[in-house]
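Raw contents of work_14.pdb, PDB, C-alpha atoms:
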```
ATOM      1  CA  MET E  78     -51.818  12.649  43.212
ATOM      2  CA  LYS E  79     -48.683  14.752  43.066
ATOM      3  CA  LEU E  80     -46.883  11.985  41.232
ATOM      4  CA  GLN E  81     -49.744  11.812  38.756
ATOM      5  CA  LEU E  82     -49.606  15.553  38.153
ATOM      6  CA  ARG E  83     -45.815  15.414  37.681
ATOM      7  CA  PHE E  84     -46.233  12.552  35.187
ATOM      8  CA  TYR E  85     -48.791  14.473  33.126
ATOM      9  CA  LYS E  86     -46.624  17.596  33.255
ATOM     10  CA  GLN E  87     -43.570  15.694  31.954
ATOM     11  CA  LEU E  88     -45.722  14.002  29.345
ATOM     12  CA  GLY E  89     -46.954  17.405  28.199
ATOM     13  CA  ILE E  90     -43.377  18.691  27.864
ATOM     14  CA  LEU E  91     -42.430  15.574  25.896
ATOM     15  CA  LEU E  92     -45.412  15.931  23.566
ATOM     16  CA  PHE E  93     -44.603  19.624  23.031
ATOM     17  CA  ALA E  94     -40.989  18.734  22.143
ATOM     18  CA  ILE E  95     -42.174  16.097  19.669
ATOM     19  CA  LEU E  96     -44.595  18.568  18.102
ATOM     20  CA  LEU E  97     -41.815  21.179  17.873
ATOM     21  CA  ILE E  98     -39.422  18.756  16.153
ATOM     22  CA  THR E  99     -42.161  17.601  13.800
ATOM     23  CA  SER E 100     -43.041  21.200  13.015
ATOM     24  CA  CYS E 101     -39.370  22.009  12.267
ATOM     25  CA  LYS E 102     -39.119  19.026   9.938
ATOM     26  CA  LYS E 103     -42.282  20.107   8.148
ATOM     27  CA  ASP E 104     -40.883  23.628   7.825
ATOM     28  CA  GLU E 105     -37.616  22.172   6.507
ATOM     29  CA  VAL E 106     -39.494  20.251   3.826
ATOM     30  CA  ALA E 107     -41.691  23.238   3.058
ATOM     31  CA  THR E 108     -38.732  25.570   2.602
ATOM     32  CA  GLY E 109     -36.927  23.052   0.396
ATOM     33  CA  HIS E 110     -33.799  22.847   2.578
ATOM     34  CA  ASP E 111     -31.243  20.662   0.784
ATOM     35  CA  ASN E 112     -28.113  19.287   2.429
ATOM     36  CA  ASN E 113     -26.840  17.959  -0.893
ATOM     37  CA  ARG E 114     -25.891  21.256  -2.555
ATOM     38  CA  VAL E 115     -22.415  21.344  -4.113
ATOM     39  CA  ASN E 116     -20.901  23.535  -1.400
ATOM     40  CA  LEU E 117     -22.353  21.380   1.393
ATOM     41  CA  VAL E 118     -21.080  18.161  -0.175
ATOM     42  CA  ILE E 119     -17.627  19.767  -0.254
ATOM     43  CA  ALA E 120     -17.982  20.945   3.356
ATOM     44  CA  ASP E 121     -18.764  17.361   4.410
ATOM     45  CA  ASN E 122     -15.606  16.005   2.749
ATOM     46  CA  PHE E 123     -12.669  16.067   5.187
ATOM     47  CA  ASN E 124     -10.159  16.138   2.302
ATOM     48  CA  LEU E 125     -11.651  19.332   0.824
ATOM     49  CA  SER E 126     -11.677  21.563   3.899
ATOM     50  CA  SER E 127      -9.377  24.200   2.350
ATOM     51  CA  PHE E 128     -11.533  24.575  -0.758
ATOM     52  CA  SER E 129     -14.610  24.778   1.456
ATOM     53  CA  ALA E 130     -12.878  27.670   3.228
ATOM     54  CA  VAL E 131     -12.196  29.285  -0.177
ATOM     55  CA  LEU E 132     -15.905  29.150  -0.995
ATOM     56  CA  ARG E 133     -16.870  30.621   2.387
ATOM     57  CA  LYS E 134     -14.294  33.432   2.338
ATOM     58  CA  SER E 135     -15.220  34.450  -1.208
ATOM     59  CA  GLY E 136     -18.966  34.293  -0.551
ATOM     60  CA  LEU E 137     -19.373  31.887  -3.459
ATOM     61  CA  ASP E 138     -20.766  29.239  -1.093
ATOM     62  CA  LYS E 139     -23.988  31.248  -0.749
ATOM     63  CA  VAL E 140     -24.204  31.753  -4.519
ATOM     64  CA  VAL E 141     -23.995  28.045  -5.329
ATOM     65  CA  GLN E 142     -26.130  27.014  -2.363
ATOM     66  CA  ASN E 143     -28.984  29.324  -3.291
ATOM     67  CA  GLY E 144     -28.627  29.053  -7.056
ATOM     68  CA  GLU E 145     -30.369  26.430  -9.147
ATOM     69  CA  GLY E 146     -27.244  25.715 -11.157
ATOM     70  CA  PRO E 147     -26.099  23.354 -12.325
ATOM     71  CA  TYR E 148     -22.542  24.167 -11.295
ATOM     72  CA  THR E 149     -19.292  22.258 -11.693
ATOM     73  CA  LEU E 150     -16.801  22.943  -8.910
ATOM     74  CA  LEU E 151     -13.139  22.100  -9.461
ATOM     75  CA  ALA E 152     -12.044  21.313  -5.918
ATOM     76  CA  PRO E 153      -8.294  21.012  -5.224
ATOM     77  CA  SER E 154      -7.522  18.569  -2.434
ATOM     78  CA  ASP E 155      -6.152  19.744   0.895
ATOM     79  CA  ALA E 156      -2.751  18.352  -0.162
ATOM     80  CA  ALA E 157      -2.925  20.539  -3.288
ATOM     81  CA  PHE E 158      -3.595  23.636  -1.181
ATOM     82  CA  SER E 159      -0.727  22.706   1.133
ATOM     83  CA  THR E 160       1.612  22.535  -1.881
ATOM     84  CA  ALA E 161       0.328  25.962  -2.953
ATOM     85  CA  GLY E 162       1.247  27.426   0.453
ATOM     86  CA  TYR E 163      -2.086  27.148   2.298
ATOM     87  CA  THR E 164      -1.412  24.649   5.069
ATOM     88  CA  ASP E 165      -5.039  24.349   6.170
ATOM     89  CA  ALA E 166      -8.467  26.011   6.123
ATOM     90  CA  VAL E 167      -7.332  28.549   8.733
ATOM     91  CA  ALA E 168      -4.549  29.718   6.398
ATOM     92  CA  VAL E 169      -7.074  30.125   3.587
ATOM     93  CA  LEU E 170      -9.407  32.195   5.773
ATOM     94  CA  ALA E 171      -6.457  34.401   6.766
ATOM     95  CA  GLY E 172      -5.423  34.882   3.119
ATOM     96  CA  ASN E 173      -5.921  37.857   0.821
ATOM     97  CA  THR E 174      -9.653  38.150   0.121
ATOM     98  CA  LYS E 175      -9.218  39.348  -3.462
ATOM     99  CA  LEU E 176      -6.863  36.482  -4.327
ATOM    100  CA  ILE E 177      -9.060  33.875  -2.628
ATOM    101  CA  SER E 178     -12.087  35.194  -4.536
ATOM    102  CA  ARG E 179     -10.173  34.887  -7.813
ATOM    103  CA  ILE E 180      -9.275  31.289  -6.954
ATOM    104  CA  ALA E 181     -12.916  30.523  -6.079
ATOM    105  CA  ASN E 182     -14.250  31.902  -9.363
ATOM    106  CA  TYR E 183     -11.518  30.256 -11.458
ATOM    107  CA  HIS E 184     -12.538  26.881 -10.011
ATOM    108  CA  THR E 185     -16.260  27.341 -10.738
ATOM    109  CA  LEU E 186     -18.059  26.592 -14.001
ATOM    110  CA  ASP E 187     -21.671  27.410 -14.758
ATOM    111  CA  GLY E 188     -23.079  24.197 -16.164
ATOM    112  CA  LYS E 189     -22.676  20.463 -15.697
ATOM    113  CA  TYR E 190     -19.323  19.291 -17.097
ATOM    114  CA  GLU E 191     -18.753  15.543 -17.083
ATOM    115  CA  LEU E 192     -15.106  15.697 -18.082
ATOM    116  CA  ASN E 193     -14.930  11.997 -18.935
ATOM    117  CA  LYS E 194     -17.407  12.643 -21.755
ATOM    118  CA  LEU E 195     -15.122  15.161 -23.491
ATOM    119  CA  PRO E 196     -13.501  14.043 -26.782
ATOM    120  CA  PHE E 197     -10.084  12.371 -26.518
ATOM    121  CA  LEU E 198      -8.172  15.585 -27.277
ATOM    122  CA  PHE E 199      -5.576  17.836 -25.685
ATOM    123  CA  ASN E 200      -6.348  21.222 -24.117
ATOM    124  CA  GLN E 201     -10.015  21.734 -24.933
ATOM    125  CA  GLU E 202     -11.042  25.231 -23.872
ATOM    126  CA  LEU E 203     -13.638  25.634 -21.108
ATOM    127  CA  GLN E 204     -14.831  28.880 -19.539
ATOM    128  CA  THR E 205     -14.944  29.256 -15.763
ATOM    129  CA  ARG E 206     -16.293  32.247 -13.859
ATOM    130  CA  GLY E 207     -12.681  33.428 -13.591
ATOM    131  CA  GLY E 208     -11.347  32.777 -17.089
ATOM    132  CA  LYS E 209     -10.357  30.037 -19.532
ATOM    133  CA  ILE E 210      -9.093  26.609 -18.526
ATOM    134  CA  TYR E 211      -7.892  23.773 -20.734
ATOM    135  CA  ALA E 212      -9.116  20.200 -20.349
ATOM    136  CA  THR E 213      -7.395  17.085 -21.699
ATOM    137  CA  HIS E 214      -9.061  13.661 -21.953
ATOM    138  CA  TRP E 215      -6.490  11.034 -22.881
ATOM    139  CA  ILE E 216      -5.575   7.362 -22.604
ATOM    140  CA  LYS E 217      -2.198   6.496 -21.087
ATOM    141  CA  GLY E 218      -1.562   2.736 -20.964
ATOM    142  CA  PRO E 219      -4.440   1.124 -19.063
ATOM    143  CA  ASP E 220      -5.632   4.451 -17.624
ATOM    144  CA  THR E 221      -7.976   7.120 -18.891
ATOM    145  CA  VAL E 222      -6.556  10.404 -17.648
ATOM    146  CA  LEU E 223      -8.225  13.778 -17.220
ATOM    147  CA  THR E 224      -6.253  16.971 -16.691
ATOM    148  CA  LEU E 225      -7.105  20.658 -16.299
ATOM    149  CA  ASN E 226      -4.323  23.157 -17.046
ATOM    150  CA  GLY E 227      -1.933  20.251 -16.647
ATOM    151  CA  SER E 228      -3.226  19.246 -13.200
ATOM    152  CA  ARG E 229      -4.720  15.781 -12.799
ATOM    153  CA  VAL E 230      -8.344  15.083 -11.901
ATOM    154  CA  LEU E 231      -8.199  12.702  -8.930
ATOM    155  CA  ALA E 232     -11.929  12.065  -8.536
ATOM    156  CA  GLN E 233     -14.554  12.925 -11.091
ATOM    157  CA  ASN E 234     -18.265  13.612 -11.351
ATOM    158  CA  ILE E 235     -19.082  13.570  -7.631
ATOM    159  CA  ALA E 236     -22.805  14.262  -7.742
ATOM    160  CA  ALA E 237     -24.677  16.951  -5.825
ATOM    161  CA  SER E 238     -28.274  18.058  -6.166
ATOM    162  CA  ASN E 239     -27.305  21.153  -8.156
ATOM    163  CA  GLY E 240     -24.123  20.093  -9.918
ATOM    164  CA  LEU E 241     -20.897  18.111  -9.953
ATOM    165  CA  ILE E 242     -17.546  18.190  -8.151
ATOM    166  CA  GLN E 243     -14.183  17.346  -9.740
ATOM    167  CA  VAL E 244     -11.257  16.879  -7.320
ATOM    168  CA  LEU E 245      -7.836  18.125  -8.507
ATOM    169  CA  ASP E 246      -4.253  17.427  -7.436
ATOM    170  CA  ARG E 247      -3.229  21.078  -7.797
ATOM    171  CA  VAL E 248      -4.626  24.546  -7.201
ATOM    172  CA  LEU E 249      -5.186  26.174 -10.594
ATOM    173  CA  THR E 250      -3.633  29.641 -10.832
ATOM    174  CA  PRO E 251      -5.889  32.191 -12.536
ATOM    175  CA  TYR E 252      -3.895  33.878 -15.265
ATOM    176  CA  VAL E 253      -3.519  37.640 -15.164
ATOM    177  CA  HIS E 254      -1.714  38.190 -18.475
ATOM    178  CA  ASP E 255      -3.429  37.931 -21.844
ATOM    179  CA  LEU E 256      -0.064  37.517 -23.598
ATOM    180  CA  VAL E 257       2.732  35.106 -22.686
ATOM    181  CA  GLY E 258       5.202  37.924 -23.426
ATOM    182  CA  ASN E 259       3.660  39.963 -20.613
ATOM    183  CA  ALA E 260       3.883  36.971 -18.263
ATOM    184  CA  ILE E 261       7.598  36.736 -19.100
ATOM    185  CA  ALA E 262       8.100  40.461 -18.467
ATOM    186  CA  ALA E 263       6.441  40.136 -15.049
ATOM    187  CA  ASP E 264       8.766  37.371 -13.804
ATOM    188  CA  PRO E 265      11.909  38.795 -12.115
ATOM    189  CA  SER E 266      13.831  35.538 -12.592
ATOM    190  CA  ILE E 267      13.862  35.870 -16.425
ATOM    191  CA  THR E 268      14.481  39.579 -17.058
ATOM    192  CA  LEU E 269      17.435  38.898 -19.393
ATOM    193  CA  PHE E 270      15.332  36.553 -21.521
ATOM    194  CA  ALA E 271      12.579  39.202 -21.591
ATOM    195  CA  GLN E 272      15.066  41.777 -22.899
ATOM    196  CA  ALA E 273      16.285  39.346 -25.558
ATOM    197  CA  LEU E 274      12.692  38.966 -26.786
ATOM    198  CA  LYS E 275      12.421  42.756 -27.186
ATOM    199  CA  THR E 276      15.785  43.273 -28.881
ATOM    200  CA  SER E 277      15.280  40.427 -31.357
ATOM    201  CA  GLY E 278      11.699  41.314 -32.297
ATOM    202  CA  VAL E 279      10.453  37.896 -31.174
ATOM    203  CA  LEU E 280       8.256  39.584 -28.573
ATOM    204  CA  GLN E 281       6.102  40.934 -31.394
ATOM    205  CA  THR E 282       6.020  37.472 -32.990
ATOM    206  CA  ILE E 283       4.496  35.874 -29.873
ATOM    207  CA  SER E 284       1.979  38.684 -29.315
ATOM    208  CA  ASP E 285      -0.700  37.302 -31.631
ATOM    209  CA  ALA E 286      -3.429  34.776 -30.748
ATOM    210  CA  GLY E 287      -0.961  31.893 -30.586
ATOM    211  CA  PRO E 288      -0.957  29.664 -28.683
ATOM    212  CA  TYR E 289       2.713  29.412 -27.751
ATOM    213  CA  THR E 290       4.735  27.486 -25.202
ATOM    214  CA  VAL E 291       7.917  29.218 -24.060
ATOM    215  CA  PHE E 292      10.813  27.535 -22.247
ATOM    216  CA  ALA E 293      12.588  30.567 -20.783
ATOM    217  CA  PRO E 294      16.142  30.226 -19.378
ATOM    218  CA  ASN E 295      16.484  32.019 -16.068
ATOM    219  CA  ASN E 296      18.917  34.888 -15.554
ATOM    220  CA  ALA E 297      21.766  32.637 -14.397
ATOM    221  CA  ALA E 298      21.337  30.500 -17.507
ATOM    222  CA  MET E 299      21.404  33.559 -19.787
ATOM    223  CA  GLN E 300      24.570  34.795 -18.083
ATOM    224  CA  ALA E 301      26.187  31.392 -18.618
ATOM    225  CA  LEU E 302      25.443  31.808 -22.347
ATOM    226  CA  GLY E 303      27.249  35.155 -22.416
ATOM    227  CA  TYR E 304      24.252  37.476 -22.068
ATOM    228  CA  SER E 305      25.286  38.984 -18.764
ATOM    229  CA  THR E 306      23.395  42.299 -18.673
ATOM    230  CA  VAL E 307      20.418  44.050 -20.235
ATOM    231  CA  GLN E 308      22.779  46.511 -21.883
ATOM    232  CA  GLN E 309      24.833  43.712 -23.444
ATOM    233  CA  ILE E 310      21.676  42.147 -24.879
ATOM    234  CA  GLN E 311      20.548  45.503 -26.288
ATOM    235  CA  LEU E 312      23.824  45.677 -28.247
ATOM    236  CA  ALA E 313      23.661  42.065 -29.461
ATOM    237  CA  ASP E 314      22.959  40.988 -33.052
ATOM    238  CA  PRO E 315      19.135  40.784 -33.324
ATOM    239  CA  ALA E 316      19.306  37.987 -35.945
ATOM    240  CA  LYS E 317      21.529  35.854 -33.707
ATOM    241  CA  LEU E 318      19.239  36.467 -30.738
ATOM    242  CA  ARG E 319      16.181  35.571 -32.823
ATOM    243  CA  SER E 320      17.705  32.257 -33.887
ATOM    244  CA  PHE E 321      18.511  31.444 -30.255
ATOM    245  CA  LEU E 322      15.061  32.414 -28.958
ATOM    246  CA  LEU E 323      12.997  30.563 -31.559
ATOM    247  CA  TYR E 324      14.671  27.350 -30.378
ATOM    248  CA  HIS E 325      12.941  27.954 -27.014
ATOM    249  CA  ILE E 326       9.400  28.395 -28.342
ATOM    250  CA  VAL E 327       6.742  25.870 -29.431
ATOM    251  CA  LYS E 328       3.883  26.987 -31.690
ATOM    252  CA  ASP E 329       1.312  25.213 -29.513
ATOM    253  CA  ARG E 330       0.049  25.075 -25.926
ATOM    254  CA  ARG E 331       1.883  22.407 -23.927
ATOM    255  CA  PHE E 332       1.580  21.682 -20.221
ATOM    256  CA  VAL E 333       4.000  19.241 -18.585
ATOM    257  CA  TYR E 334       1.300  16.600 -18.266
ATOM    258  CA  ASP E 335       0.691  16.787 -22.028
ATOM    259  CA  TYR E 336       4.184  15.368 -22.523
ATOM    260  CA  ILE E 337       3.687  12.754 -19.819
ATOM    261  CA  LEU E 338       0.495  11.549 -21.487
ATOM    262  CA  SER E 339       1.709  11.575 -25.093
ATOM    263  CA  THR E 340       5.185  10.092 -24.630
ATOM    264  CA  GLY E 341       5.537   6.380 -25.463
ATOM    265  CA  VAL E 342       7.206   3.487 -23.660
ATOM    266  CA  SER E 343      10.684   4.912 -24.244
ATOM    267  CA  ASN E 344       9.723   7.844 -21.981
ATOM    268  CA  MET E 345      11.337  10.149 -24.535
ATOM    269  CA  ALA E 346       9.897  12.302 -27.322
ATOM    270  CA  GLN E 347      10.939  14.940 -29.843
ATOM    271  CA  GLN E 348       9.401  18.411 -29.665
ATOM    272  CA  GLY E 349       9.567  20.567 -32.782
ATOM    273  CA  MET E 350      10.466  24.179 -32.049
ATOM    274  CA  MET E 351       9.681  27.359 -33.996
ATOM    275  CA  ASP E 352      13.087  27.444 -35.682
ATOM    276  CA  GLY E 353      12.464  24.054 -37.311
ATOM    277  CA  ASN E 354      14.795  22.083 -35.022
ATOM    278  CA  SER E 355      13.786  19.610 -32.314
ATOM    279  CA  VAL E 356      14.359  19.288 -28.586
ATOM    280  CA  THR E 357      14.465  15.912 -26.802
ATOM    281  CA  ILE E 358      11.910  15.639 -24.003
ATOM    282  CA  LYS E 359      12.531  13.077 -21.247
ATOM    283  CA  LEU E 360      10.039  12.118 -18.562
ATOM    284  CA  VAL E 361      11.275  12.533 -14.980
ATOM    285  CA  PRO E 362      10.103   9.638 -12.751
ATOM    286  CA  ASN E 363       8.206  10.306  -9.556
ATOM    287  CA  SER E 364      10.563   9.732  -6.635
ATOM    288  CA  ASN E 365       7.802   7.858  -4.799
ATOM    289  CA  SER E 366       6.792   5.623  -7.699
ATOM    290  CA  THR E 367       8.606   3.796 -10.469
ATOM    291  CA  THR E 368       5.537   3.766 -12.715
ATOM    292  CA  SER E 369       4.552   7.452 -12.669
ATOM    293  CA  PHE E 370       6.212  10.721 -13.659
ATOM    294  CA  GLN E 371       6.390  14.119 -12.009
ATOM    295  CA  SER E 372       8.057  16.353 -14.578
ATOM    296  CA  ILE E 373      10.138  16.542 -17.759
ATOM    297  CA  SER E 374      13.686  17.463 -18.702
ATOM    298  CA  LEU E 375      14.878  18.882 -22.022
ATOM    299  CA  ARG E 376      18.019  18.532 -24.119
ATOM    300  CA  GLY E 377      18.820  20.620 -27.139
ATOM    301  CA  ILE E 378      20.809  19.301 -30.113
ATOM    302  CA  GLY E 379      23.953  20.952 -28.753
ATOM    303  CA  ASN E 380      23.392  20.314 -25.039
ATOM    304  CA  THR E 381      25.556  17.735 -23.293
ATOM    305  CA  SER E 382      23.320  17.381 -20.229
ATOM    306  CA  ASP E 383      19.617  17.499 -19.411
ATOM    307  CA  ILE E 384      17.939  20.801 -18.592
ATOM    308  CA  LYS E 385      15.520  20.964 -15.659
ATOM    309  CA  LEU E 386      12.299  22.886 -15.192
ATOM    310  CA  LEU E 387      12.404  25.444 -12.389
ATOM    311  CA  LYS E 388       8.800  26.619 -12.867
ATOM    312  CA  GLN E 389       6.099  25.010 -14.938
ATOM    313  CA  ASP E 390       2.612  25.427 -16.401
ATOM    314  CA  MET E 391       2.249  29.187 -15.931
ATOM    315  CA  LEU E 392      -0.793  29.961 -18.038
ATOM    316  CA  SER E 393      -1.466  33.151 -19.975
ATOM    317  CA  GLY E 394      -4.200  34.038 -22.423
ATOM    318  CA  ASN E 395      -2.208  32.969 -25.488
ATOM    319  CA  GLY E 396       0.145  30.346 -24.115
ATOM    320  CA  VAL E 397       2.103  28.621 -21.381
ATOM    321  CA  LEU E 398       5.397  29.606 -19.750
ATOM    322  CA  HIS E 399       7.997  27.251 -18.256
ATOM    323  CA  VAL E 400      11.268  28.459 -16.706
ATOM    324  CA  ILE E 401      14.376  26.299 -17.243
ATOM    325  CA  ASP E 402      17.805  26.222 -15.607
ATOM    326  CA  ALA E 403      19.933  26.365 -18.795
ATOM    327  CA  GLY E 404      19.711  27.494 -22.391
ATOM    328  CA  LEU E 405      18.818  25.148 -25.233
ATOM    329  CA  ARG E 406      21.725  24.930 -27.676
ATOM    330  CA  ILE E 407      21.712  24.006 -31.334
ATOM    331  CA  THR E 408      25.514  23.591 -31.402
ATOM    332  CA  GLN E 409      27.983  22.850 -28.613
TER     333      GLN E 409
END
```
Show how you would write the structure in this file as structure tokens.
Amino acid sequence: MKLQLRFYKQLGILLFAILLITSCKKDEVATGHDNNRVNLVIADNFNLSSFSAVLRKSGLDKVVQNGEGPYTLLAPSDAAFSTAGYTDAVAVLAGNTKLISRIANYHTLDGKYELNKLPFLFNQELQTRGGKIYATHWIKGPDTVLTLNGSRVLAQNIAASNGLIQVLDRVLTPYVHDLVGNAIAADPSITLFAQALKTSGVLQTISDAGPYTVFAPNNAAMQALGYSTVQQIQLADPAKLRSFLLYHIVKDRRFVYDYILSTGVSNMAQQGMMDGNSVTIKLVPNSNSTTSFQSISLRGIGNTSDIKLLKQDMLSGNGVLHVIDAGLRITQ
């Protein structure tokens, strides 16, 4: 009898548990719980843990989970965050909240953007929650390549119930300067070049809508050219400075990957500069691959060796800034 009572008691507990689980599932269906929202798809991807942390720290995860969307999230890989100085999700969560929130918004678009359906054009403007980005859809050999601000899209159009996810090889840096001249002035490594822009009047030239691409020699490079101090530049011939500076500026927006995509089988191209002369662009091979490229070098008409990029693809509202390790020369 006791065994019978114990059996019925255990059976009752089991039935109650089944009813409870069934009730929870019914409630889950009734409340419309969806595990396929964009932020949850990202959270389930082991290679996107740092970007998932960005969404959580910024609070944007709740926005996109509860919103109808559609949203397009530009998710840098964990390797991209590591390159940007965030070794893992813990480092992201320990980061500056304001900066992380800016990154989150700059990587979020309201709307469904299938980047592979964009026209085959360079630097098509898109608007994120944190500012403008520039998308390129291009064919390079057998590959169709997609880039955003010069970073490559590694995986595209990953579907979620309320949007899409695009995986990037680099963390996009939200720009803080509307003018490329202001971006130059804010960089301590190119203060002599910034002064040359002021003295020559070229700063005013590049303060309109643009766009412009500026290859700015760093301070050591300017000193090697004879412009050793701010005071010396202030006393220099403005016309001579202007001629020198215009050979460092392109009247267009050009990221490094734009050159990689548009350069032919010779891996070399000519870039026209604002002074009417050209600079030779050479593709720099990837050290880990003989068939891909990681950067570019430049050589002016009067240069006897290639010039390297020290910083690249720094976006502003009216252009792009690259920092180089030597000055471009028209004559030797």
For this session: Write out as a ChimeraX atom specification the residues lying within 12 Å of E:Tyr163, counting only C-alpha atoms and excluding same-chain residues fewer than 5 positions away.
Result: /E:126-128,130-131,153-158,168-173,177,247-248
For this session: Pick out the closest residue to E:Gly278 from this set: E:Gln311, E:Gln300, E:Gln233, E:Thr381. Count only C-alpha atoms.
Result: E:Gln311
Kindly provide, as AutoDock Vina command-line options, the centre and edge lengths (Å, one decimal) of an axis-aligned box around all atoms of stretch 149-156 of chain E given in the file, with 8 Å on each side.
```
--center_x -11.0 --center_y 20.6 --center_z -5.4 --size_x 32.5 --size_y 20.6 --size_z 28.6
```
Exercise. Given the file above and the PyMOL selection byres ((chain E and resi 238) around 7), which residues are selected, and can you give them as a PyMOL selection string?
Worked result: chain E and resi 113-114+236-237+239-240
Go ahead and write the residues just picked, C-alpha atoms, as a CSV table (one decimal), in the coordinates of the input.
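The result, written out as out.csv:
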```csv
chain,number,residue,atom,x,y,z
E,113,ASN,CA,-26.8,18.0,-0.9
E,114,ARG,CA,-25.9,21.3,-2.6
E,236,ALA,CA,-22.8,14.3,-7.7
E,237,ALA,CA,-24.7,17.0,-5.8
E,239,ASN,CA,-27.3,21.2,-8.2
E,240,GLY,CA,-24.1,20.1,-9.9
```
For this session: Could you tell me which of E:Trp215, E:Phe123, E:Tyr183, E:Tyr289 comes closest to E:Leu137 if we count all atoms listed in the file?
Result: E:Tyr183
